[in-house]
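**Q** Pasting upload_33.pdb here (PDB, C-alpha atoms (C1' of nucleotides)):
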```pdb
ATOM      1  CA  MET A   1      23.056 -55.087  -1.420
ATOM      2  CA  PRO A   2      20.646 -54.064   1.254
ATOM      3  CA  GLU A   3      20.852 -50.438   2.249
ATOM      4  CA  LEU A   4      18.226 -48.268   3.938
ATOM      5  CA  PRO A   5      15.550 -48.532   1.196
ATOM      6  CA  GLU A   6      15.766 -52.310   1.060
ATOM      7  CA  VAL A   7      15.553 -52.694   4.839
ATOM      8  CA  GLU A   8      12.723 -50.168   5.046
ATOM      9  CA  SER A   9      10.816 -52.010   2.313
ATOM     10  CA  LEU A  10      11.304 -55.225   4.213
ATOM     11  CA  ARG A  11      10.122 -53.558   7.418
ATOM     12  CA  ARG A  12       6.912 -52.398   5.791
ATOM     13  CA  LEU A  13       6.106 -55.800   4.338
ATOM     14  CA  LEU A  14       6.792 -57.610   7.585
ATOM     15  CA  ALA A  15       4.774 -55.074   9.548
ATOM     16  CA  ARG A  16       1.774 -56.195   7.516
ATOM     17  CA  SER A  17       2.463 -59.926   7.414
ATOM     18  CA  VAL A  18       3.902 -61.014  10.759
ATOM     19  CA  VAL A  19       3.015 -58.452  13.429
ATOM     20  CA  GLY A  20       0.674 -60.079  15.925
ATOM     21  CA  ARG A  21       1.969 -63.564  15.211
ATOM     22  CA  THR A  22       3.544 -65.653  17.938
ATOM     23  CA  ILE A  23       6.746 -67.631  17.463
ATOM     24  CA  VAL A  24       6.137 -71.317  18.130
ATOM     25  CA  ALA A  25       9.466 -72.803  17.017
ATOM     26  CA  ALA A  26      12.980 -71.621  16.233
ATOM     27  CA  VAL A  27      15.838 -73.526  14.665
ATOM     28  CA  VAL A  28      19.387 -72.244  14.240
ATOM     29  CA  LYS A  29      20.987 -74.299  11.499
ATOM     30  CA  GLU A  30      24.091 -72.197  11.044
ATOM     31  CA  ALA A  31      25.103 -69.905  13.895
ATOM     32  CA  ARG A  32      28.294 -68.588  12.313
ATOM     33  CA  LEU A  33      27.167 -65.260  10.932
ATOM     34  CA  ARG A  34      29.092 -62.022  11.439
ATOM     35  CA  ARG A  35      28.015 -62.336  15.028
ATOM     36  CA  ILE A  36      27.231 -65.803  16.306
ATOM     37  CA  VAL A  37      23.523 -66.473  16.633
ATOM     38  CA  ALA A  38      22.750 -67.907  20.069
ATOM     39  CA  PRO A  39      22.338 -71.643  19.415
ATOM     40  CA  ASP A  40      19.720 -71.742  22.160
ATOM     41  CA  LEU A  41      17.739 -68.903  20.599
ATOM     42  CA  ALA A  42      14.616 -71.026  20.844
ATOM     43  CA  VAL A  43      14.732 -71.149  24.654
ATOM     44  CA  THR A  44      14.047 -67.436  24.939
ATOM     45  CA  ILE A  45      12.144 -66.709  21.766
ATOM     46  CA  ILE A  46       9.446 -69.378  21.706
ATOM     47  CA  GLY A  47       6.081 -68.122  22.908
ATOM     48  CA  ARG A  48       6.898 -64.488  22.239
ATOM     49  CA  THR A  49       4.671 -62.398  20.034
ATOM     50  CA  ILE A  50       5.949 -60.066  17.327
ATOM     51  CA  GLU A  51       4.633 -56.684  18.444
ATOM     52  CA  ALA A  52       6.224 -54.330  15.926
ATOM     53  CA  ILE A  53       8.899 -54.104  13.264
ATOM     54  CA  GLY A  54      11.321 -51.208  13.518
ATOM     55  CA  ARG A  55      14.383 -50.053  11.660
ATOM     56  CA  ARG A  56      17.478 -48.059  12.522
ATOM     57  CA  ALA A  57      19.971 -47.453   9.712
ATOM     58  CA  LYS A  58      20.296 -50.839   7.982
ATOM     59  CA  TYR A  59      19.248 -52.781  11.073
ATOM     60  CA  LEU A  60      15.832 -54.398  11.205
ATOM     61  CA  LEU A  61      14.440 -54.511  14.741
ATOM     62  CA  ILE A  62      11.826 -57.157  15.388
ATOM     63  CA  GLU A  63      10.181 -56.144  18.646
ATOM     64  CA  LEU A  64       8.952 -59.067  20.699
ATOM     65  CA  SER A  65       6.736 -59.323  23.736
ATOM     66  CA  GLY A  66       8.520 -58.935  27.050
ATOM     67  CA  GLY A  67      10.812 -56.209  25.695
ATOM     68  CA  TYR A  68      13.055 -58.521  23.692
ATOM     69  CA  VAL A  69      14.292 -57.401  20.291
ATOM     70  CA  LEU A  70      15.506 -59.607  17.476
ATOM     71  CA  MET A  71      18.040 -57.448  15.639
ATOM     72  CA  VAL A  72      18.792 -58.404  12.052
ATOM     73  CA  HIS A  73      21.343 -57.025   9.610
ATOM     74  CA  LEU A  74      21.330 -58.391   6.074
ATOM     75  CA  GLY A  75      24.976 -57.656   5.402
ATOM     76  CA  MET A  76      25.635 -58.072   1.722
ATOM     77  CA  SER A  77      23.606 -61.058   0.695
ATOM     78  CA  GLY A  78      21.139 -61.695   3.499
ATOM     79  CA  SER A  79      17.402 -62.030   3.134
ATOM     80  CA  LEU A  80      14.536 -62.515   5.513
ATOM     81  CA  THR A  81      11.636 -64.197   3.802
ATOM     82  CA  HIS A  82       8.158 -64.899   5.024
ATOM     83  CA  ARG A  83       7.223 -68.277   3.649
ATOM     84  CA  GLY A  84       3.588 -69.111   4.008
ATOM     85  CA  ALA A  85       2.236 -72.475   4.947
ATOM     86  CA  ALA A  86       1.033 -72.390   1.341
ATOM     87  CA  PHE A  87       1.961 -74.869  -1.320
ATOM     88  CA  GLY A  88       5.084 -73.971  -3.246
ATOM     89  CA  ASP A  89       6.850 -72.208  -0.421
ATOM     90  CA  PRO A  90       9.655 -74.637   0.356
ATOM     91  CA  LEU A  91      11.856 -74.616   3.413
ATOM     92  CA  ASN A  92      15.412 -75.853   3.728
ATOM     93  CA  ALA A  93      16.871 -73.838   0.888
ATOM     94  CA  ARG A  94      20.645 -73.629   0.644
ATOM     95  CA  HIS A  95      22.007 -71.107   3.186
ATOM     96  CA  ASP A  96      18.846 -70.972   5.264
ATOM     97  CA  HIS A  97      20.500 -70.285   8.638
ATOM     98  CA  VAL A  98      17.649 -69.479  11.027
ATOM     99  CA  GLU A  99      14.044 -70.615  10.752
ATOM    100  CA  LEU A 100      11.263 -69.235  12.896
ATOM    101  CA  THR A 101       7.872 -70.909  12.803
ATOM    102  CA  LEU A 102       4.855 -68.705  13.485
ATOM    103  CA  ASP A 103       1.515 -69.669  14.987
ATOM    104  CA  ASP A 104      -0.267 -69.694  11.624
ATOM    105  CA  GLY A 105       2.156 -72.281  10.237
ATOM    106  CA  SER A 106       4.143 -69.794   8.193
ATOM    107  CA  HIS A 107       7.888 -69.326   8.538
ATOM    108  CA  LEU A 108      10.258 -66.421   8.802
ATOM    109  CA  VAL A 109      13.604 -67.556   7.414
ATOM    110  CA  TYR A 110      16.981 -65.859   7.515
ATOM    111  CA  ASN A 111      19.123 -66.841   4.527
ATOM    112  CA  ASP A 112      22.593 -65.471   3.826
ATOM    113  CA  PRO A 113      25.071 -67.113   1.427
ATOM    114  CA  ARG A 114      27.988 -64.892   2.373
ATOM    115  CA  ARG A 115      27.178 -64.782   6.077
ATOM    116  CA  PHE A 116      28.100 -61.103   6.372
ATOM    117  CA  GLY A 117      24.850 -60.418   8.172
ATOM    118  CA  LEU A 118      23.803 -60.965  11.743
ATOM    119  CA  MET A 119      20.842 -61.948  13.865
ATOM    120  CA  VAL A 120      21.021 -61.232  17.578
ATOM    121  CA  LEU A 121      18.399 -61.548  20.280
ATOM    122  CA  LEU A 122      18.610 -58.557  22.605
ATOM    123  CA  SER A 123      17.377 -58.658  26.181
ATOM    124  CA  PRO A 124      15.052 -55.930  27.473
ATOM    125  CA  GLY A 125      16.977 -52.662  27.659
ATOM    126  CA  GLU A 126      20.018 -54.051  25.934
ATOM    127  CA  ILE A 127      19.318 -52.108  22.787
ATOM    128  CA  GLU A 128      20.078 -48.853  24.590
ATOM    129  CA  THR A 129      23.596 -49.990  25.334
ATOM    130  CA  LEU A 130      24.611 -51.352  21.937
ATOM    131  CA  ALA A 131      27.620 -49.602  20.465
ATOM    132  CA  GLU A 132      26.533 -50.541  16.941
ATOM    133  CA  LEU A 133      23.392 -48.463  17.327
ATOM    134  CA  LYS A 134      24.663 -45.778  19.678
ATOM    135  CA  ASP A 135      27.382 -44.661  17.295
ATOM    136  CA  LEU A 136      25.062 -44.270  14.328
ATOM    137  CA  GLY A 137      24.541 -40.871  12.778
ATOM    138  CA  PRO A 138      21.117 -39.334  12.099
ATOM    139  CA  GLU A 139      18.592 -40.961   9.832
ATOM    140  CA  PRO A 140      18.667 -39.266   6.419
ATOM    141  CA  PHE A 141      15.053 -38.152   6.763
ATOM    142  CA  ALA A 142      15.653 -36.496  10.141
ATOM    143  CA  LYS A 143      15.701 -32.723  10.200
ATOM    144  CA  GLU A 144      19.108 -32.594  11.852
ATOM    145  CA  PHE A 145      20.553 -34.166   8.724
ATOM    146  CA  ASN A 146      21.029 -30.990   6.721
ATOM    147  CA  ALA A 147      23.621 -28.793   5.030
ATOM    148  CA  ASP A 148      24.798 -27.205   8.283
ATOM    149  CA  TYR A 149      25.353 -30.578   9.888
ATOM    150  CA  LEU A 150      27.330 -31.904   6.933
ATOM    151  CA  TRP A 151      29.334 -28.725   6.698
ATOM    152  CA  ARG A 152      30.234 -28.779  10.390
ATOM    153  CA  ILE A 153      31.185 -32.445  10.507
ATOM    154  CA  SER A 154      33.307 -32.353   7.369
ATOM    155  CA  ARG A 155      35.641 -29.509   8.355
ATOM    156  CA  GLY A 156      39.236 -30.585   7.889
ATOM    157  CA  ARG A 157      38.353 -33.959   6.482
ATOM    158  CA  LYS A 158      40.554 -35.139   3.680
ATOM    159  CA  GLY A 159      38.673 -38.303   2.756
ATOM    160  CA  ALA A 160      36.449 -38.516  -0.304
ATOM    161  CA  ILE A 161      32.914 -37.180   0.083
ATOM    162  CA  LYS A 162      31.591 -40.541  -1.034
ATOM    163  CA  ASN A 163      33.262 -42.257   1.912
ATOM    164  CA  LEU A 164      31.770 -39.656   4.235
ATOM    165  CA  LEU A 165      28.277 -40.448   2.971
ATOM    166  CA  MET A 166      28.833 -44.154   3.481
ATOM    167  CA  ASP A 167      30.141 -43.695   7.018
ATOM    168  CA  GLN A 168      27.280 -44.863   9.243
ATOM    169  CA  ARG A 169      28.464 -42.564  12.053
ATOM    170  CA  ILE A 170      27.830 -39.570   9.785
ATOM    171  CA  VAL A 171      24.491 -40.589   8.309
ATOM    172  CA  ALA A 172      22.708 -43.882   8.825
ATOM    173  CA  GLY A 173      21.680 -46.126   5.973
ATOM    174  CA  VAL A 174      23.566 -44.983   2.862
ATOM    175  CA  GLY A 175      25.623 -47.680   1.151
ATOM    176  CA  ASN A 176      27.605 -47.990  -2.032
ATOM    177  CA  ILE A 177      24.790 -47.898  -4.571
ATOM    178  CA  TYR A 178      22.922 -44.897  -3.210
ATOM    179  CA  ALA A 179      26.101 -42.929  -2.468
ATOM    180  CA  SER A 180      26.867 -42.868  -6.205
ATOM    181  CA  GLU A 181      23.282 -41.950  -7.020
ATOM    182  CA  ILE A 182      23.131 -39.142  -4.459
ATOM    183  CA  LEU A 183      26.357 -37.542  -5.669
ATOM    184  CA  PHE A 184      25.281 -37.807  -9.293
ATOM    185  CA  ARG A 185      22.085 -35.922  -8.563
ATOM    186  CA  ALA A 186      23.925 -33.415  -6.383
ATOM    187  CA  ARG A 187      26.458 -32.923  -9.207
ATOM    188  CA  VAL A 188      29.417 -33.452  -6.879
ATOM    189  CA  ARG A 189      32.274 -35.714  -7.899
ATOM    190  CA  PRO A 190      32.604 -38.651  -5.466
ATOM    191  CA  THR A 191      36.378 -38.206  -5.161
ATOM    192  CA  ARG A 192      36.132 -34.651  -3.849
ATOM    193  CA  ARG A 193      37.676 -34.205  -0.430
ATOM    194  CA  ALA A 194      34.838 -33.760   2.049
ATOM    195  CA  GLY A 195      36.483 -30.671   3.486
ATOM    196  CA  ARG A 196      36.410 -29.047   0.054
ATOM    197  CA  VAL A 197      32.703 -29.442  -0.576
ATOM    198  CA  THR A 198      30.926 -26.087  -0.447
ATOM    199  CA  ARG A 199      27.961 -25.239   1.718
ATOM    200  CA  VAL A 200      25.750 -24.929  -1.357
ATOM    201  CA  GLU A 201      26.835 -28.365  -2.515
ATOM    202  CA  PHE A 202      26.133 -29.800   0.918
ATOM    203  CA  ALA A 203      22.636 -28.400   0.691
ATOM    204  CA  ARG A 204      22.189 -30.305  -2.555
ATOM    205  CA  ILE A 205      23.707 -33.452  -1.070
ATOM    206  CA  ALA A 206      21.397 -33.362   1.952
ATOM    207  CA  GLU A 207      18.375 -32.762  -0.270
ATOM    208  CA  LYS A 208      19.290 -35.460  -2.790
ATOM    209  CA  THR A 209      20.076 -37.978  -0.090
ATOM    210  CA  ALA A 210      16.523 -37.825   1.197
ATOM    211  CA  GLU A 211      15.126 -37.665  -2.338
ATOM    212  CA  VAL A 212      16.990 -40.690  -3.673
ATOM    213  CA  LEU A 213      16.276 -42.815  -0.617
ATOM    214  CA  ARG A 214      12.613 -41.840  -0.595
ATOM    215  CA  GLU A 215      12.220 -42.720  -4.272
ATOM    216  CA  ALA A 216      14.059 -45.992  -3.757
ATOM    217  CA  VAL A 217      11.765 -46.931  -0.878
ATOM    218  CA  GLY A 218       8.859 -46.120  -3.209
ATOM    219  CA  SER A 219      10.267 -48.612  -5.705
ATOM    220  CA  ARG A 220      10.800 -51.187  -2.941
ATOM    221  CA  GLY A 221      14.575 -50.990  -3.189
ATOM    222  CA  THR A 222      17.229 -51.893  -5.724
ATOM    223  CA  THR A 223      18.041 -55.382  -6.934
ATOM    224  CA  ILE A 224      21.324 -55.681  -8.782
ATOM    225  CA  ILE A 225      21.812 -59.401  -8.407
ATOM    226  CA  SER A 226      20.485 -60.926  -5.270
ATOM    227  CA  TYR A 227      18.302 -58.668  -3.132
ATOM    228  CA  ARG A 228      14.816 -60.031  -2.500
ATOM    229  CA  ASP A 229      12.148 -58.755  -0.165
ATOM    230  CA  SER A 230      10.247 -60.864   2.356
ATOM    231  CA  GLN A 231       7.927 -62.054  -0.413
ATOM    232  CA  GLY A 232      10.855 -63.097  -2.585
ATOM    233  CA  GLN A 233      10.343 -60.168  -4.957
ATOM    234  CA  PRO A 234      13.159 -58.018  -6.392
ATOM    235  CA  GLY A 235      13.175 -54.244  -5.894
ATOM    236  CA  GLY A 236      12.178 -51.952  -8.737
ATOM    237  CA  PHE A 237      14.732 -49.167  -8.462
ATOM    238  CA  ALA A 238      17.491 -50.743 -10.575
ATOM    239  CA  THR A 239      15.992 -49.363 -13.789
ATOM    240  CA  LYS A 240      15.972 -45.883 -12.256
ATOM    241  CA  LEU A 241      19.651 -45.789 -11.381
ATOM    242  CA  ARG A 242      21.403 -42.945 -13.198
ATOM    243  CA  ALA A 243      25.003 -43.639 -12.199
ATOM    244  CA  TYR A 244      25.530 -46.921 -10.362
ATOM    245  CA  ASP A 245      26.378 -49.877 -12.613
ATOM    246  CA  ARG A 246      26.319 -47.657 -15.715
ATOM    247  CA  GLY A 247      30.067 -47.527 -16.400
ATOM    248  CA  GLY A 248      30.706 -46.648 -20.067
ATOM    249  CA  GLU A 249      27.053 -45.889 -20.708
ATOM    250  CA  PRO A 250      25.989 -42.364 -21.666
ATOM    251  CA  CYS A 251      25.146 -39.897 -18.910
ATOM    252  CA  LEU A 252      21.409 -39.322 -18.945
ATOM    253  CA  GLU A 253      21.996 -35.575 -18.638
ATOM    254  CA  CYS A 254      24.803 -34.957 -21.142
ATOM    255  CA  THR A 255      25.619 -38.296 -22.906
ATOM    256  CA  THR A 256      29.241 -38.288 -21.691
ATOM    257  CA  PRO A 257      30.214 -41.876 -20.792
ATOM    258  CA  ILE A 258      29.780 -42.613 -17.103
ATOM    259  CA  ARG A 259      33.106 -43.357 -15.503
ATOM    260  CA  GLN A 260      33.750 -46.253 -13.115
ATOM    261  CA  ILE A 261      36.516 -45.918 -10.551
ATOM    262  CA  VAL A 262      37.420 -47.402  -7.174
ATOM    263  CA  ILE A 263      37.143 -45.284  -4.031
ATOM    264  CA  GLY A 264      37.907 -46.861  -0.691
ATOM    265  CA  GLN A 265      37.937 -50.312  -2.295
ATOM    266  CA  ARG A 266      34.412 -49.814  -3.608
ATOM    267  CA  SER A 267      33.277 -49.316  -7.170
ATOM    268  CA  SER A 268      32.016 -45.830  -7.807
ATOM    269  CA  PHE A 269      30.285 -44.241 -10.775
ATOM    270  CA  TYR A 270      30.088 -40.630 -11.878
ATOM    271  CA  CYS A 271      29.744 -38.357 -14.872
ATOM    272  CA  PRO A 272      33.040 -36.538 -15.461
ATOM    273  CA  ARG A 273      31.191 -33.642 -17.068
ATOM    274  CA  CYS A 274      28.180 -33.142 -14.787
ATOM    275  CA  GLN A 275      29.962 -33.776 -11.500
ATOM    276  CA  LYS A 276      32.637 -31.246 -10.530
TER
ATOM    277  C1'  DC B   1      41.484 -37.744  15.816
ATOM    278  C1'  DT B   2      41.373 -39.298  10.761
ATOM    279  C1'  DT B   3      42.551 -42.291   7.058
ATOM    280  C1'  DA B   4      43.856 -46.603   4.652
ATOM    281  C1'  DC B   5      43.418 -51.180   4.014
ATOM    282  C1'  DA B   6      42.752 -56.173   5.022
ATOM    283  C1'  DT B   7      39.295 -59.358   6.509
ATOM    284  C1'  DC B   8      35.149 -62.185   6.647
ATOM    285  C1'  DC B   9      32.243 -65.225   2.735
ATOM    286  C1'  DT B  10      30.155 -67.501  -1.570
ATOM    287  C1'  DG B  11      28.230 -66.907  -6.081
ATOM    288  C1'  DA B  12      28.435 -64.704 -10.515
ATOM    289  C1'  DT B  13      31.297 -63.283 -13.958
ATOM    290  C1'  DT B  14      35.486 -62.885 -16.518
ATOM    291  C1'  DG B  15      39.691 -64.610 -18.617
ATOM    292  C1'  DC B  16      42.535 -67.954 -20.640
TER
ATOM    293  C1'  DT C   1      34.301 -76.334 -22.726
ATOM    294  C1'  DG C   2      36.134 -76.061 -18.333
ATOM    295  C1'  DC C   3      38.483 -74.408 -14.722
ATOM    296  C1'  DA C   4      40.822 -70.786 -12.142
ATOM    297  C1'  DA C   5      41.124 -66.115 -11.026
ATOM    298  C1'  DT C   6      38.625 -62.015 -10.088
ATOM    299  C1'  DC C   7      35.007 -59.172  -8.433
ATOM    300  C1'  DA C   8      31.151 -57.839  -5.506
ATOM    301  C1'  DG C   9      30.687 -55.228  -0.733
ATOM    302  C1'  DG C  10      28.829 -53.800   5.045
ATOM    303  C1'  DA C  11      31.044 -53.455   8.980
ATOM    304  C1'  DT C  12      34.984 -54.029  11.816
ATOM    305  C1'  DG C  13      39.695 -54.304  13.416
ATOM    306  C1'  DT C  14      44.281 -52.903  13.044
ATOM    307  C1'  DA C  15      47.930 -49.936  11.752
ATOM    308  C1'  DA C  16      49.894 -45.673  10.470
TER
END
```
As structure tokens, how would this structure be written, given the file I've shared?
**A**
Amino acid sequence: MPELPEVESLRRLLARSVVGRTIVAAVVKEARLRRIVAPDLAVTIIGRTIEAIGRRAKYLLIELSGGYVLMVHLGMSGSLTHRGAAFGDPLNARHDHVELTLDDGSHLVYNDPRRFGLMVLLSPGEIETLAELKDLGPEPFAKEFNADYLWRISRGRKGAIKNLLMDQRIVAGVGNIYASEILFRARVRPTRRAGRVTRVEFARIAEKTAEVLREAVGSRGTTIISYRDSQGQPGGFATKLRAYDRGGEPCLECTTPIRQIVIGQRSSFYCPRCQK
DNA sequence: CTTACATCCTGATTGC
DNA sequence: TGCAATCAGGATGTAA
């Protein structure tokens, strides 16, 4: 489940492997993603050079020559792999939806079994007008994401603090896995009403948000089942999870069994003793 | 405005 | 053993 650390890991890998390459072919094999991929993508994209790879929240932004941007979201099960011209790097895998061929014979392939993701080619300047990006909250590493901000924005809110953290308009990039991890480290129960979280607790939440995400980026993300980076490798953070996917297992702080509940239709994990 | 919930989709897992 | 039901979840749209 790609969240900020997975997309950031992908960004870093692609920045090293495909920046400077020119796109020489593009094939859309399945356009029906969350947003329809332009079937004539090739018309505009061929001949453009990949100038930089950016990221905003969970969106990967492939910056092309001429001011175009190929915006990619991995949804739940998407992957973007860089398959070399090398032996043993097959194309045409099941659920390969978009294939870009680069000028060194390698391929950048978007694959997504569940098709919850998207790939959209933005015209120059279009990115500034996109509601999806405009409505996003601050990046978790930005200085404006702090205890005061969280305190201010949560006044009067009755929803669970976990849902607040996963709301992309509040903070960009936190998903279900890291929300549980952040609240475990901050020692705040995920069901707590956001409006009832104290300022001191918000300070811990802000601090732990950056800490967890930074560590996860350092481990190249979390692979529970399906996440793979652009080299086809799983992330290394799964073994470092303290709450997520540990239902019934002993809390690493106090040995109380970790509890699994559903909040906002999403599985959530917490220690009933450590998290108040 | 906020909150709750259904929806999209396929693969892995669980249950009988 | 095999098949059917269930679960997984990011973002969005609708309703209350």
**Q** Find the spatial neighbours of DC5 (chain B), counting only C-alpha atoms (C1' of nucleotides), within a cut-off of 10 Å - ignore same-chain residues fewer than 2 positions away - and output them as number ranges by chain.
**A** A: 264-265; B: 3, 7; C: 14-15
**Q** Determine the residue set returned by the PyMOL selection byres ((chain C) within 10 of (chain A)) for the present structure, and present it as a list of chain:residue names.
**A**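 Against this file, the PyMOL selection byres ((chain C) within 10 of (chain A)) returns the residues C:DA8, C:DG9, C:DG10, C:DA11, C:DT12.
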**Q** Would you translate the PyMOL selection byres ((chain A) within 7 of (chain B)) into the concrete set of residues it matches in this file, as a PyMOL selection string?
**A** chain A and resi 113-116
**Q** CA of Val7 (chain A) and CA of Phe145 (chain A) are how many Å apart?
**A**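 So the two atoms, CA of Val7 (chain A) and CA of Phe145 (chain A), lie 19.6 Å apart.
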**Q** When you draw a straight line from CA of Arg259 (chain A) to CA of Ala210 (chain A), how long is it in Å?
**A**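 Computing the Euclidean distance for CA of Arg259 (chain A) and CA of Ala210 (chain A) yields 24.2 Å.
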**Q** To test your reading of the syntax: which residues would the PyMOL selection byres ((chain A and resi 63) around 12) return for the file shown? Reply as a PyMOL selection string.
**A** chain A and resi 11+14-15+18-22+45+48-55+60-62+64-72+121-125+127
**Q** To one decimal place in Å, what is the distance between CA of Arg246 (chain A) and CA of Phe269 (chain A)?
**A**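 Atom-to-atom, CA of Arg246 (chain A) to CA of Phe269 (chain A), that is 7.2 Å.
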**Q** Return the single residue from A:Lys158, A:His97, A:Arg204, A:Asp112 that is closest to Val188 (chain A), with distances computed using only C-alpha atoms.
**A**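 Among the listed residues, the smallest separation from Val188 (chain A) belongs to A:Arg204.
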**Q** Using only C-alpha atoms (C1' of nucleotides), which residues sit within 7 Å of Asn111 (chain A) once same-chain residues fewer than 4 positions away are excluded, as a ChimeraX atom specification?
**A** /A:78-80,95-97
**Q** Listed atoms of region 2-13 of chain B, axis-aligned box, 5 Å per side: centre and edge lengths to one decimal in Å, as JSON?
**A**
```
{"center_x": 36.0, "center_y": -53.4, "center_z": -1.6, "size_x": 25.6, "size_y": 38.2, "size_z": 34.7}
```
**Q** What lies within 8 Å of region 194-197 of chain A using only C-alpha atoms (C1' of nucleotides), ignoring chain neighbours under 6 positions off, as an MDAnalysis selection string?
**A** chainID A and resid 154:161 164
**Q** How about completing region 52-71 of chain A with N, CA and C atoms and giving it to me as a PDB file, in the frame of the given file?
**A**
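The resulting file, rebuild_29.pdb, is shown below:
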```pdb
ATOM      1  N   ALA A  52       5.980 -55.419  16.885  1.00  0.00           N
ATOM      2  CA  ALA A  52       6.224 -54.330  15.926  1.00  0.00           C
ATOM      3  C   ALA A  52       7.508 -54.627  15.174  1.00  0.00           C
ATOM      4  N   ILE A  53       7.654 -53.983  14.018  1.00  0.00           N
ATOM      5  CA  ILE A  53       8.899 -54.104  13.264  1.00  0.00           C
ATOM      6  C   ILE A  53       9.469 -52.703  13.109  1.00  0.00           C
ATOM      7  N   GLY A  54      10.677 -52.514  13.611  1.00  0.00           N
ATOM      8  CA  GLY A  54      11.321 -51.208  13.518  1.00  0.00           C
ATOM      9  C   GLY A  54      12.551 -51.274  12.636  1.00  0.00           C
ATOM     10  N   ARG A  55      13.145 -50.113  12.433  1.00  0.00           N
ATOM     11  CA  ARG A  55      14.383 -50.053  11.660  1.00  0.00           C
ATOM     12  C   ARG A  55      15.235 -48.911  12.174  1.00  0.00           C
ATOM     13  N   ARG A  56      16.537 -49.137  12.245  1.00  0.00           N
ATOM     14  CA  ARG A  56      17.478 -48.059  12.522  1.00  0.00           C
ATOM     15  C   ARG A  56      18.638 -48.295  11.570  1.00  0.00           C
ATOM     16  N   ALA A  57      18.945 -47.295  10.732  1.00  0.00           N
ATOM     17  CA  ALA A  57      19.971 -47.453   9.712  1.00  0.00           C
ATOM     18  C   ALA A  57      19.640 -48.688   8.881  1.00  0.00           C
ATOM     19  N   LYS A  58      20.564 -49.640   8.772  1.00  0.00           N
ATOM     20  CA  LYS A  58      20.296 -50.839   7.982  1.00  0.00           C
ATOM     21  C   LYS A  58      19.912 -52.011   8.878  1.00  0.00           C
ATOM     22  N   TYR A  59      19.646 -51.720  10.139  1.00  0.00           N
ATOM     23  CA  TYR A  59      19.248 -52.781  11.073  1.00  0.00           C
ATOM     24  C   TYR A  59      17.727 -52.899  11.123  1.00  0.00           C
ATOM     25  N   LEU A  60      17.249 -54.120  11.019  1.00  0.00           N
ATOM     26  CA  LEU A  60      15.832 -54.398  11.205  1.00  0.00           C
ATOM     27  C   LEU A  60      15.649 -54.822  12.653  1.00  0.00           C
ATOM     28  N   LEU A  61      14.650 -54.243  13.315  1.00  0.00           N
ATOM     29  CA  LEU A  61      14.440 -54.511  14.741  1.00  0.00           C
ATOM     30  C   LEU A  61      13.077 -55.151  14.941  1.00  0.00           C
ATOM     31  N   ILE A  62      13.073 -56.432  15.191  1.00  0.00           N
ATOM     32  CA  ILE A  62      11.826 -57.157  15.388  1.00  0.00           C
ATOM     33  C   ILE A  62      11.517 -57.131  16.881  1.00  0.00           C
ATOM     34  N   GLU A  63      10.504 -56.354  17.229  1.00  0.00           N
ATOM     35  CA  GLU A  63      10.181 -56.144  18.646  1.00  0.00           C
ATOM     36  C   GLU A  63       9.250 -57.237  19.131  1.00  0.00           C
ATOM     37  N   LEU A  64       9.698 -57.928  20.175  1.00  0.00           N
ATOM     38  CA  LEU A  64       8.952 -59.067  20.699  1.00  0.00           C
ATOM     39  C   LEU A  64       8.344 -58.745  22.053  1.00  0.00           C
ATOM     40  N   SER A  65       7.354 -59.519  22.430  1.00  0.00           N
ATOM     41  CA  SER A  65       6.736 -59.323  23.736  1.00  0.00           C
ATOM     42  C   SER A  65       7.779 -59.530  24.833  1.00  0.00           C
ATOM     43  N   GLY A  66       7.584 -58.825  25.932  1.00  0.00           N
ATOM     44  CA  GLY A  66       8.520 -58.935  27.050  1.00  0.00           C
ATOM     45  C   GLY A  66       9.723 -58.022  26.899  1.00  0.00           C
ATOM     46  N   GLY A  67       9.726 -57.168  25.860  1.00  0.00           N
ATOM     47  CA  GLY A  67      10.812 -56.209  25.695  1.00  0.00           C
ATOM     48  C   GLY A  67      12.025 -56.748  24.951  1.00  0.00           C
ATOM     49  N   TYR A  68      11.944 -57.963  24.480  1.00  0.00           N
ATOM     50  CA  TYR A  68      13.055 -58.521  23.692  1.00  0.00           C
ATOM     51  C   TYR A  68      13.020 -57.959  22.270  1.00  0.00           C
ATOM     52  N   VAL A  69      14.189 -57.888  21.669  1.00  0.00           N
ATOM     53  CA  VAL A  69      14.292 -57.401  20.291  1.00  0.00           C
ATOM     54  C   VAL A  69      15.193 -58.346  19.502  1.00  0.00           C
ATOM     55  N   LEU A  70      14.685 -58.802  18.372  1.00  0.00           N
ATOM     56  CA  LEU A  70      15.506 -59.607  17.476  1.00  0.00           C
ATOM     57  C   LEU A  70      16.078 -58.645  16.434  1.00  0.00           C
ATOM     58  N   MET A  71      17.389 -58.417  16.523  1.00  0.00           N
ATOM     59  CA  MET A  71      18.040 -57.448  15.639  1.00  0.00           C
ATOM     60  C   MET A  71      18.658 -58.182  14.452  1.00  0.00           C
TER      61      MET A  71
END
```
